[in-house]
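Next comes input.cif, with mmCIF, C-alpha atoms.
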data_target
#
loop_
_atom_site.label_atom_id
_atom_site.label_comp_id
_atom_site.auth_asym_id
_atom_site.auth_seq_id
_atom_site.Cartn_x
_atom_site.Cartn_y
_atom_site.Cartn_z
CA MET H 1 35.51 2.28 -14.53
CA SER H 2 35.11 5.85 -13.30
CA THR H 3 36.46 6.40 -9.82
CA GLY H 4 33.71 8.91 -9.18
CA ALA H 5 30.89 6.47 -9.91
CA SER H 6 28.44 5.63 -7.17
CA LEU H 7 29.04 1.97 -6.34
CA PRO H 8 27.28 -0.38 -3.90
CA ARG H 9 28.99 -1.24 -0.65
CA PRO H 10 30.56 -4.71 -0.51
CA THR H 11 29.01 -7.03 2.02
CA LEU H 12 31.31 -8.29 4.74
CA ALA H 13 30.32 -11.77 5.86
CA ALA H 14 31.34 -14.45 8.35
CA PRO H 15 33.36 -12.26 10.75
CA LEU H 16 36.11 -14.29 12.35
CA ASP H 17 37.06 -14.02 16.01
CA ARG H 18 40.81 -14.63 16.06
CA SER H 19 43.49 -12.74 17.95
CA ALA H 20 46.44 -11.37 16.02
CA SER H 21 48.92 -13.51 17.90
CA ALA H 22 47.03 -16.69 16.99
CA ARG H 23 46.83 -16.02 13.28
CA PRO H 24 49.10 -18.04 11.02
CA ARG H 25 50.93 -16.02 8.40
CA PRO H 26 49.75 -16.40 4.79
CA PRO H 27 51.94 -18.82 2.82
CA ARG H 28 54.64 -17.09 0.82
CA GLY H 29 55.17 -17.98 -2.79
CA GLY H 30 56.57 -16.78 -6.07
CA ALA H 31 54.52 -14.71 -8.46
CA VAL H 32 53.51 -17.67 -10.61
CA ARG H 33 51.12 -16.59 -13.36
CA GLY H 34 49.65 -19.97 -14.18
CA CYS H 35 46.39 -21.11 -12.60
CA GLY H 36 46.59 -24.86 -13.05
CA SER H 37 45.36 -27.52 -10.65
CA GLY H 38 46.64 -27.79 -7.13
CA SER H 39 45.25 -27.68 -3.62
CA ALA H 40 46.53 -24.18 -2.86
CA ARG H 41 48.81 -21.55 -4.32
CA ALA H 42 49.84 -18.16 -2.97
CA PHE H 43 50.76 -15.07 -4.96
CA PRO H 44 51.84 -12.12 -2.77
CA SER H 45 51.29 -8.56 -3.93
CA ARG H 46 54.17 -6.33 -4.99
CA ALA H 47 53.67 -4.21 -1.87
CA GLU H 48 53.77 -7.29 0.38
CA GLU H 49 56.94 -8.59 -1.28
CA ALA H 50 58.61 -5.24 -0.62
CA LYS H 51 57.84 -5.20 3.13
CA PRO H 52 60.61 -6.11 5.56
CA PRO H 53 59.64 -9.20 7.59
CA GLN H 54 59.42 -7.21 10.82
CA GLU H 55 56.82 -4.89 9.25
CA ALA H 56 54.67 -7.55 7.59
CA GLY H 57 52.25 -7.93 10.51
CA ARG H 58 52.46 -4.43 11.93
CA GLY H 59 49.22 -3.24 10.31
CA ARG H 60 47.25 -5.96 12.10
CA THR H 61 47.46 -4.05 15.39
CA MET H 62 46.13 -0.78 13.94
CA LEU H 63 42.61 0.40 14.67
CA GLY H 64 40.07 0.88 11.89
CA ALA H 65 40.02 -0.49 8.38
CA ALA H 66 43.78 -0.32 7.88
CA GLY H 67 44.27 -2.95 10.57
CA ARG H 68 41.59 -5.33 9.31
CA HIS H 69 42.38 -8.23 7.00
CA VAL H 70 39.50 -9.13 4.66
CA VAL H 71 39.77 -12.18 2.41
CA CYS H 72 37.67 -11.63 -0.72
CA ALA H 73 36.49 -14.55 -2.86
CA LEU H 74 37.21 -13.74 -6.51
CA SER H 75 35.39 -15.61 -9.28
CA GLY H 76 36.98 -13.84 -12.21
CA GLY H 77 33.73 -11.94 -12.76
CA LEU H 78 32.74 -8.31 -12.34
CA ASP H 79 30.88 -8.38 -9.02
CA SER H 80 33.65 -9.92 -6.93
CA ALA H 81 36.23 -7.67 -8.60
CA VAL H 82 34.22 -4.59 -7.63
CA ALA H 83 33.87 -5.93 -4.07
CA ALA H 84 37.67 -6.22 -3.79
CA LEU H 85 38.09 -2.75 -5.29
CA LEU H 86 35.67 -1.14 -2.83
CA LEU H 87 37.26 -2.88 0.15
CA ARG H 88 40.68 -1.70 -1.02
CA ARG H 89 39.42 1.87 -1.38
CA ARG H 90 38.02 1.77 2.14
CA GLY H 91 41.42 0.93 3.49
CA TYR H 92 41.18 -2.75 4.30
CA GLN H 93 44.06 -5.16 3.90
CA VAL H 94 42.58 -7.33 1.15
CA THR H 95 43.60 -10.78 -0.06
CA GLY H 96 41.98 -12.36 -3.12
CA VAL H 97 41.17 -16.07 -3.28
CA PHE H 98 40.01 -18.02 -6.34
CA MET H 99 38.22 -21.32 -5.69
CA LYS H 100 38.44 -24.03 -8.33
CA ASN H 101 35.47 -26.33 -7.80
CA TRP H 102 34.96 -28.05 -11.15
CA ASP H 103 37.69 -29.85 -13.08
CA ALA H 104 36.42 -30.37 -16.61
CA VAL H 105 36.28 -28.65 -19.96
CA ASP H 106 33.13 -27.32 -21.60
CA GLU H 107 31.58 -28.64 -24.80
CA LYS H 108 34.17 -26.69 -26.85
CA GLY H 109 37.13 -28.18 -24.98
CA ILE H 110 37.88 -25.00 -23.03
CA CYS H 111 38.67 -25.14 -19.31
CA LEU H 112 36.63 -22.21 -18.07
CA ALA H 113 38.04 -22.48 -14.54
CA ASP H 114 41.56 -21.75 -15.75
CA ARG H 115 40.35 -18.74 -17.72
CA ASP H 116 38.40 -17.44 -14.71
CA CYS H 117 41.44 -17.98 -12.51
CA GLU H 118 43.60 -15.91 -14.85
CA ASP H 119 41.01 -13.12 -14.75
CA ALA H 120 40.93 -13.20 -10.94
CA TYR H 121 44.74 -13.08 -10.85
CA ARG H 122 44.78 -10.04 -13.14
CA VAL H 123 42.33 -8.27 -10.82
CA CYS H 124 44.71 -8.84 -7.91
CA GLN H 125 47.62 -7.54 -9.95
CA ILE H 126 45.72 -4.35 -10.81
CA LEU H 127 44.62 -3.83 -7.20
CA ASP H 128 48.08 -4.83 -5.92
CA ILE H 129 46.76 -7.38 -3.43
CA PRO H 130 47.93 -10.96 -2.69
CA PHE H 131 46.32 -13.75 -4.71
CA HIS H 132 45.66 -17.34 -3.63
CA GLN H 133 44.12 -20.28 -5.44
CA VAL H 134 42.49 -23.24 -3.68
CA SER H 135 40.97 -26.39 -5.12
CA TYR H 136 37.71 -27.81 -3.76
CA VAL H 137 36.97 -30.10 -6.70
CA LYS H 138 36.55 -33.21 -4.52
CA GLU H 139 34.50 -31.36 -1.91
CA TYR H 140 32.23 -29.85 -4.56
CA TRP H 141 31.60 -33.25 -6.12
CA ASN H 142 30.85 -34.95 -2.80
CA GLU H 143 28.73 -32.27 -1.16
CA VAL H 144 27.15 -30.27 -4.00
CA PHE H 145 27.09 -32.14 -7.29
CA SER H 146 26.13 -35.51 -5.79
CA TYR H 147 23.27 -33.71 -4.00
CA LEU H 148 22.18 -32.19 -7.30
CA LEU H 149 22.05 -35.58 -9.04
CA ASN H 150 20.16 -37.17 -6.15
CA GLU H 151 17.55 -34.39 -6.17
CA TYR H 152 16.98 -34.81 -9.89
CA GLU H 153 16.47 -38.56 -9.45
CA LEU H 154 13.86 -37.81 -6.78
CA GLY H 155 11.94 -35.70 -9.30
CA ARG H 156 12.87 -32.35 -7.78
CA THR H 157 14.64 -29.35 -9.31
CA PRO H 158 17.58 -28.54 -7.01
CA ASN H 159 19.22 -25.19 -6.28
CA PRO H 160 22.95 -26.02 -6.22
CA ASP H 161 23.88 -22.39 -5.56
CA ILE H 162 22.45 -22.49 -2.04
CA VAL H 163 24.13 -25.82 -1.26
CA CYS H 164 27.40 -24.46 -2.66
CA ASN H 165 27.11 -21.45 -0.35
CA LYS H 166 26.56 -23.71 2.62
CA TYR H 167 29.38 -26.19 2.07
CA ILE H 168 31.97 -24.53 -0.17
CA LYS H 169 31.85 -20.79 0.56
CA PHE H 170 30.73 -20.82 4.19
CA LYS H 171 32.55 -23.95 5.25
CA TYR H 172 35.74 -24.71 3.35
CA PHE H 173 36.44 -21.20 2.09
CA VAL H 174 35.75 -19.56 5.45
CA HIS H 175 37.97 -22.01 7.29
CA TYR H 176 40.73 -21.55 4.73
CA ALA H 177 40.51 -17.79 5.20
CA LEU H 178 40.55 -18.21 8.98
CA ASP H 179 43.14 -20.93 9.46
CA ASN H 180 45.50 -20.29 6.54
CA LEU H 181 45.23 -16.59 5.84
CA GLY H 182 44.42 -15.15 9.27
CA ALA H 183 41.36 -13.25 8.08
CA ASP H 184 39.26 -10.96 10.25
CA ALA H 185 36.32 -11.29 7.85
CA VAL H 186 35.48 -12.67 4.43
CA ALA H 187 33.70 -10.91 1.58
CA THR H 188 32.16 -11.94 -1.72
CA GLY H 189 30.63 -10.19 -4.70
CA HIS H 190 27.11 -11.20 -3.71
CA TYR H 191 24.45 -8.60 -3.04
CA ALA H 192 22.95 -8.16 0.40
CA ARG H 193 21.93 -5.43 2.76
CA THR H 194 22.73 -5.66 6.46
CA SER H 195 21.88 -3.56 9.50
CA LEU H 196 25.47 -3.96 10.75
CA GLU H 197 28.08 -1.30 10.19
CA ASP H 198 31.62 -2.46 9.45
CA ASN H 199 32.83 -2.12 13.06
CA GLU H 200 29.85 -4.16 14.27
CA VAL H 201 30.67 -6.88 11.73
CA PHE H 202 34.16 -7.27 13.16
CA GLN H 203 32.80 -7.44 16.71
CA GLN H 204 30.75 -10.52 15.85
CA LYS H 205 32.14 -13.93 16.67
CA TYR H 206 32.31 -16.61 14.05
CA ILE H 207 29.89 -19.42 14.87
CA GLN H 208 28.60 -22.44 13.01
CA ARG H 209 25.13 -21.60 11.71
CA PRO H 210 22.24 -24.04 11.27
CA GLN H 211 21.62 -25.52 7.85
CA GLY H 212 19.71 -23.48 5.33
CA LEU H 213 19.79 -20.26 3.35
CA PHE H 214 22.51 -17.72 4.12
CA ARG H 215 22.41 -13.96 3.68
CA ASN H 216 24.16 -13.95 0.32
CA ARG H 217 21.94 -13.60 -2.69
CA PHE H 218 23.33 -13.68 -6.18
CA GLU H 219 22.49 -14.24 -9.81
CA SER H 220 23.66 -17.57 -11.13
CA MET H 221 25.01 -17.98 -14.64
CA GLY H 222 24.21 -21.66 -15.13
CA ILE H 223 24.95 -24.38 -12.57
CA CYS H 224 27.05 -23.00 -9.72
CA PHE H 225 30.78 -23.19 -10.65
CA ILE H 226 29.98 -25.35 -13.68
CA GLY H 227 28.59 -22.58 -15.86
CA LYS H 228 26.28 -22.54 -18.83
CA ARG H 229 25.82 -25.95 -20.41
CA ASN H 230 23.56 -27.87 -22.72
CA PHE H 231 21.63 -29.11 -19.69
CA GLN H 232 20.13 -32.28 -21.17
CA LYS H 233 23.42 -33.44 -22.68
CA PHE H 234 25.34 -32.58 -19.52
CA ILE H 235 23.03 -34.38 -17.05
CA LEU H 236 22.83 -37.48 -19.24
CA GLU H 237 26.60 -37.82 -18.80
CA TYR H 238 25.93 -38.60 -15.12
CA LEU H 239 22.42 -40.11 -14.98
CA GLU H 240 21.20 -43.08 -16.98
CA PRO H 241 18.32 -42.30 -19.36
CA ARG H 242 14.91 -43.23 -17.93
CA PRO H 243 12.56 -43.27 -20.94
CA GLY H 244 8.97 -42.32 -20.27
CA ASN H 245 5.89 -40.68 -21.76
CA PHE H 246 4.59 -37.17 -22.15
CA VAL H 247 0.97 -37.34 -21.02
CA SER H 248 -1.70 -34.68 -21.58
CA ILE H 249 -3.07 -33.48 -18.25
CA GLU H 250 -6.45 -32.83 -19.85
CA ASP H 251 -7.31 -36.23 -21.37
CA ASN H 252 -4.53 -38.50 -20.06
CA LYS H 253 -3.41 -39.36 -23.60
CA VAL H 254 0.22 -40.14 -24.44
CA ILE H 255 1.47 -37.52 -26.91
CA GLY H 256 5.22 -38.24 -26.98
CA THR H 257 8.23 -39.78 -25.24
CA HIS H 258 11.24 -38.45 -23.31
CA GLU H 259 14.59 -39.72 -21.98
CA GLY H 260 14.03 -39.00 -18.32
CA TRP H 261 11.71 -37.03 -16.02
CA PHE H 262 14.76 -35.43 -14.38
CA LEU H 263 15.41 -33.47 -17.57
CA TYR H 264 12.29 -31.36 -17.03
CA THR H 265 11.12 -28.88 -14.44
CA LEU H 266 7.65 -27.52 -13.81
CA GLY H 267 6.70 -24.64 -16.05
CA GLN H 268 9.24 -25.24 -18.80
CA ARG H 269 8.31 -25.85 -22.42
CA ALA H 270 8.50 -29.51 -23.40
CA ARG H 271 9.70 -29.93 -26.97
CA ILE H 272 7.79 -32.97 -28.12
CA GLY H 273 8.78 -34.60 -31.37
CA GLY H 274 6.23 -34.25 -34.15
CA LEU H 275 4.22 -31.50 -32.41
CA GLN H 276 4.45 -27.88 -33.45
CA ASP H 277 2.19 -26.55 -30.69
CA ALA H 278 3.78 -25.52 -27.38
CA TRP H 279 3.25 -27.83 -24.40
CA PHE H 280 4.38 -27.06 -20.85
CA VAL H 281 5.37 -29.35 -17.98
CA VAL H 282 2.81 -29.25 -15.16
CA ASP H 283 3.64 -32.37 -13.10
CA LYS H 284 5.84 -35.47 -12.96
CA ASN H 285 5.32 -39.03 -11.71
CA VAL H 286 8.68 -40.53 -10.74
CA ALA H 287 7.15 -43.98 -10.16
CA THR H 288 5.79 -44.31 -13.70
CA GLY H 289 8.16 -41.94 -15.48
CA ASP H 290 5.26 -39.90 -16.86
CA VAL H 291 5.73 -36.19 -17.46
CA PHE H 292 2.36 -34.41 -17.55
CA VAL H 293 2.01 -31.49 -19.93
CA ALA H 294 -0.59 -28.84 -20.72
CA PRO H 295 -1.22 -26.96 -23.98
CA SER H 296 -0.62 -23.39 -22.76
CA THR H 297 1.91 -21.48 -20.67
CA ASP H 298 -0.81 -20.14 -18.35
CA HIS H 299 -2.79 -23.36 -17.97
CA PRO H 300 -4.50 -23.64 -14.53
CA ALA H 301 -2.58 -26.89 -13.91
CA LEU H 302 0.52 -24.70 -13.47
CA TYR H 303 -0.95 -22.58 -10.66
CA ARG H 304 -0.96 -23.48 -6.96
CA ASP H 305 -1.38 -21.58 -3.71
CA LEU H 306 -0.17 -24.13 -1.14
CA LEU H 307 3.18 -25.77 -0.41
CA ARG H 308 5.10 -27.42 2.41
CA THR H 309 8.79 -26.89 3.12
CA SER H 310 11.54 -28.79 4.84
CA ARG H 311 12.61 -27.62 8.33
CA VAL H 312 13.11 -23.88 7.95
CA HIS H 313 16.45 -22.21 8.62
CA TRP H 314 15.68 -18.95 10.42
CA ILE H 315 18.37 -16.27 10.28
CA ALA H 316 17.69 -14.17 13.40
CA GLU H 317 15.25 -16.20 15.49
CA GLU H 318 14.61 -19.93 15.54
CA PRO H 319 11.72 -19.55 14.68
CA PRO H 320 10.23 -16.02 15.01
CA ALA H 321 8.46 -15.39 18.32
CA GLU H 322 5.18 -14.51 16.60
CA LEU H 323 5.16 -17.83 14.76
CA VAL H 324 5.94 -19.76 17.95
CA GLN H 325 3.21 -18.03 19.92
CA ASN H 326 0.44 -18.06 17.32
CA LYS H 327 1.53 -21.04 15.20
CA MET H 328 0.71 -18.79 12.23
CA MET H 329 2.36 -15.67 10.84
CA GLU H 330 1.87 -13.35 7.88
CA CYS H 331 4.93 -12.54 5.79
CA ASN H 332 6.09 -12.41 2.16
CA PHE H 333 7.39 -15.21 -0.02
CA CYS H 334 9.47 -15.82 -3.12
CA PHE H 335 11.25 -18.83 -4.59
CA GLN H 336 13.06 -17.28 -7.55
CA HIS H 337 15.74 -14.61 -7.53
CA LYS H 338 13.90 -11.99 -9.58
CA MET H 339 10.27 -12.68 -8.68
CA ALA H 340 8.23 -10.12 -6.78
CA LEU H 341 7.48 -10.84 -3.13
CA GLU H 342 4.06 -12.38 -2.59
CA PRO H 343 2.01 -12.20 0.65
CA CYS H 344 1.50 -15.51 2.41
CA MET H 345 0.51 -17.13 5.70
CA LEU H 346 2.90 -19.54 7.41
CA THR H 347 1.62 -22.38 9.57
CA LEU H 348 4.26 -23.93 11.83
CA ASN H 349 4.43 -27.71 12.18
CA GLN H 350 5.91 -29.52 15.17
CA ASP H 351 8.91 -30.75 13.16
CA GLY H 352 9.95 -27.20 12.18
CA THR H 353 8.52 -27.42 8.67
CA VAL H 354 5.89 -24.93 7.54
CA TRP H 355 2.85 -24.89 5.33
CA VAL H 356 2.82 -21.81 3.11
CA THR H 357 -0.60 -20.53 2.02
CA LEU H 358 -0.37 -17.84 -0.66
CA THR H 359 -2.93 -15.08 -1.07
CA LYS H 360 -3.02 -15.82 -4.79
CA PRO H 361 -1.90 -18.82 -6.87
CA ILE H 362 1.63 -18.68 -8.32
CA ARG H 363 2.82 -20.26 -11.54
CA ALA H 364 5.19 -23.23 -11.48
CA LEU H 365 5.94 -23.65 -7.79
CA THR H 366 8.75 -26.20 -7.93
CA PRO H 367 9.80 -28.92 -5.45
CA GLY H 368 13.52 -28.72 -4.74
CA GLN H 369 13.65 -24.93 -4.95
CA PHE H 370 13.85 -22.86 -1.76
CA ALA H 371 10.95 -20.86 -0.36
CA VAL H 372 12.39 -17.64 1.10
CA PHE H 373 10.45 -15.56 3.62
CA TYR H 374 10.58 -11.80 4.22
CA GLN H 375 9.05 -9.19 6.49
CA GLY H 376 9.52 -5.88 4.78
CA ASP H 377 13.10 -5.84 3.52
CA GLU H 378 14.35 -8.34 6.11
CA CYS H 379 15.05 -11.89 5.02
CA LEU H 380 13.70 -14.18 7.76
CA GLY H 381 14.90 -17.52 6.43
CA SER H 382 14.07 -20.32 4.02
CA GLY H 383 13.15 -23.95 3.57
CA LYS H 384 13.26 -26.34 0.63
CA ILE H 385 9.93 -26.92 -1.11
CA LEU H 386 9.02 -30.59 -0.64
CA ARG H 387 5.27 -30.84 -1.32
CA LEU H 388 2.75 -28.91 -3.36
CA GLY H 389 -0.96 -28.47 -2.85
CA PRO H 390 -3.46 -29.21 -5.63
CA SER H 391 -3.36 -27.09 -8.78
CA LEU H 392 -6.21 -24.81 -9.81
CA TYR H 393 -6.98 -27.32 -12.57
CA THR H 394 -7.30 -30.20 -10.11
CA LEU H 395 -9.53 -28.14 -7.81
CA GLN H 396 -11.74 -27.12 -10.73
CA GLN H 397 -12.01 -30.73 -11.88
CA GLY H 398 -13.13 -31.69 -8.39
CA LYS H 399 -15.75 -28.92 -8.35
CA ASP H 400 -17.01 -30.01 -11.75
CA ARG H 401 -17.40 -33.60 -10.55
CA GLU H 402 -19.26 -32.43 -7.45
CA LYS H 403 -21.55 -30.30 -9.60
CA THR H 404 -22.19 -33.19 -11.96
CA ALA H 405 -22.99 -35.49 -9.04
CA GLY H 406 -25.35 -32.87 -7.59
CA ASP H 407 -27.18 -32.50 -10.90
CA VAL H 408 -27.99 -36.23 -11.12
CA ARG H 409 -31.69 -36.71 -10.47
CA VAL H 410 -32.88 -39.91 -8.81
CA VAL H 411 -36.10 -41.09 -10.48
CA PRO H 412 -38.18 -43.43 -8.32
CA ALA H 413 -38.99 -46.81 -9.78
CA PRO H 414 -42.58 -47.22 -11.05
#
As structure tokens:
Amino acid sequence: MSTGASLPRPTLAAPLDRSASARPRPPRGGAVRGCGSGSARAFPSRAEEAKPPQEAGRGRTMLGAAGRHVVCALSGGLDSAVAALLLRRRGYQVTGVFMKNWDAVDEKGICLADRDCEDAYRVCQILDIPFHQVSYVKEYWNEVFSYLLNEYELGRTPNPDIVCNKYIKFKYFVHYALDNLGADAVATGHYARTSLEDNEVFQQKYIQRPQGLFRNRFESMGICFIGKRNFQKFILEYLEPRPGNFVSIEDNKVIGTHEGWFLYTLGQRARIGGLQDAWFVVDKNVATGDVFVAPSTDHPALYRDLLRTSRVHWIAEEPPAELVQNKMMECNFCFQHKMALEPCMLTLNQDGTVWVTLTKPIRALTPGQFAVFYQGDECLGSGKILRLGPSLYTLQQGKDREKTAGDVRVVPAP
């Protein structure tokens, strides 16, 4: 990597209000190279090992970056490594932490977590910063993976990345950084823009935030901390098959069978045995087990312009003043990482949920995903999609029936 390259600024998150005298010292440990299981391991940097004990905490009292301790979450990937590098270049005292959240091998018998841990450790060696490993396998299972399975059984398509942010990164990881490592702030390799300068970040107090979407936004490579998998094979290891039918949305005919509605999400291609033509999932009925499909990727049954969310988590205001005053507010919407922002109108409900009316129909709106709202470049907040309005196909069918009924002529009896 060229040192003269123009690189993005790392995002400092979750500033921690803790006086220097109250901070516990990081645990000291030998430079063990292995990254096996264990609740926590510490690997000090060469520079830290060389410091006399009386000088170890001296930098904490300095002003500016040199006196600030930033704990950086390292995944073993490029983005978090660059974040640690940029923080180091800017003069912060950086500590790297690898979180092990999944304790199983992939389909080829390789433990990817151990390999990622080794990569994260090598990054810390190169940057000459302390390295720690923590295990949240139990916490991830209880608070993220169990949620994922429950959502699938309810017929929704969950976003485990957001739930992982909420419980693992911004709960257990933040408290580990605060209580065990004496951090002033934490950082990750996620991408975000903030109006706060570094000094303003450190002036903020750490507070528990409401449930919902956090500022971090990142590109997932498979299920969060589990990685790329054969999805159908993987999920069927944890959920019992629920055989059902593929049903044509156009004529209600059964055209094939499947092993469970939870294996399919709206908009995806359904590979139906014996059929060469492409069919796409447009709806699911959890009660009957039917998965409704349409014969084209742009079928009107895939397009909707209305949805309802769960109670929205608002980042700056709870909720925005304009929405409180008018009960309606124009903003922009997206529910996928790379999709363009779409104009919409929010209607606030008494329970904090919102109806989202889009200016144009969008393909494959999906229950279980998160609707994220923006004004300009500012992220306002998000809520989980719980209900969808009728599809364009359903609306057209209704219009056709009304037209047919209107065309019926009543002939008087002779």
*asked:* Here is a test: counting all atoms listed in the file, which residue of H:Ala65, H:Ala364, H:Val372, H:Ala187 is nearest to Thr157 (chain H)?
replied: H:Ala364
*Find the residues near Lys253 (chain H): any atom within 12 Å, counting only C-alpha atoms, skip ones fewer than 3 places away on the same chain, and give them as a PyMOL selection string.*
chain H and resi 245-250+256-257+290-294
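Put simply, CA of Ile315 (chain H) is 10.8 Å away from CA of Tyr374 (chain H).
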_What would the selection look like, as a list in words, if the PyMOL selection byres ((chain H and resi 265) around 8) were run on the coordinates I just shared?_
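Evaluating the PyMOL selection byres ((chain H and resi 265) around 8) on this file yields Arg156, Thr157, Phe262, Leu263, Tyr264, Leu266, Gly267, Gln268, Val281 and Thr366 of chain H.
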*Compare H:Gln397, H:Thr288, H:Gln276, H:Ser382 by their minimum atom-to-atom distance to His313 (chain H), counting all atoms listed in the file, and give me the closest one.*
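Of H:Gln397, H:Thr288, H:Gln276, H:Ser382, the one nearest His313 (chain H), counting all atoms listed in the file, is H:Ser382.
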*asked:* Just the number, please: distance in Å from CA of Phe280 (chain H) to CA of Leu307 (chain H), one decimal.
replied: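 Separating CA of Phe280 (chain H) from CA of Leu307 (chain H) is a distance of 20.5 Å.
A straight line drawn from CA of Lys384 (chain H) to CA of Val312 (chain H) is 7.7 Å long.
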_Taking 5 positions as the minimum chain separation for residues in the same chain, which residues sit within 7 Å of Leu358 (chain H) when counting all atoms listed in the file? Answer as a ChimeraX atom specification._
/H:305-306,343-345
*List the residues matched by the PyMOL selection byres ((chain H and resi 141) around 12) in the displayed structure as JSON, numbers by chain, ordered by chain and then by residue number.*
{"H": [100, 101, 102, 103, 104, 135, 136, 137, 138, 139, 140, 142, 143, 144, 145, 146, 147, 148, 149, 160, 163, 164, 167, 168, 224, 225, 226, 238]}
*Kindly resolve the PyMOL selection byres ((chain H and resi 116-120) around 8) on the present coordinates and return the residues as a list in words.*
Arg33, Gly34, Cys35, Leu74, Ser75, Gly76, Gly77, Ala81, Gly96, Phe98, Lys100, Leu112, Ala113, Asp114, Arg115, Tyr121, Arg122, Val123, Cys124 and Gln133 of chain H
_Using all atoms listed in the file, can you tell me which of H:Asp161, H:Asp198, H:Asp128, H:Asp179 comes closest to Arg90 (chain H)?_
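Closest to Arg90 (chain H) of all the choices is H:Asp198.
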Could you give me the axis-aligned bounding box of region 310-316 of chain H, with 5 Å of padding per side, as centre plus edge lengths in Å to one decimal, as AutoDock Vina command-line options?
--center_x 15.0 --center_y -21.5 --center_z 9.1 --size_x 16.8 --size_y 24.6 --size_z 18.6
*Please write as a list in words the list of polymer residues whose atoms come within 12 Å of (24.4, -39.4, -17.4), counting all atoms listed in the file and keeping to the coordinates of the file.*
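Protein and nucleic acid residues near the point are Leu149, Tyr152, Glu153, Phe231, Gln232, Lys233, Phe234, Ile235, Leu236, Glu237, Tyr238, Leu239, Glu240, Pro241, Arg242, Glu259, Gly260, Phe262 and Leu263 of chain H.
Nearest to Val94 (chain H) of all the residues H:Thr194, H:Ile162, H:Gly182, H:Gly155 is H:Gly182, counting only C-alpha atoms.
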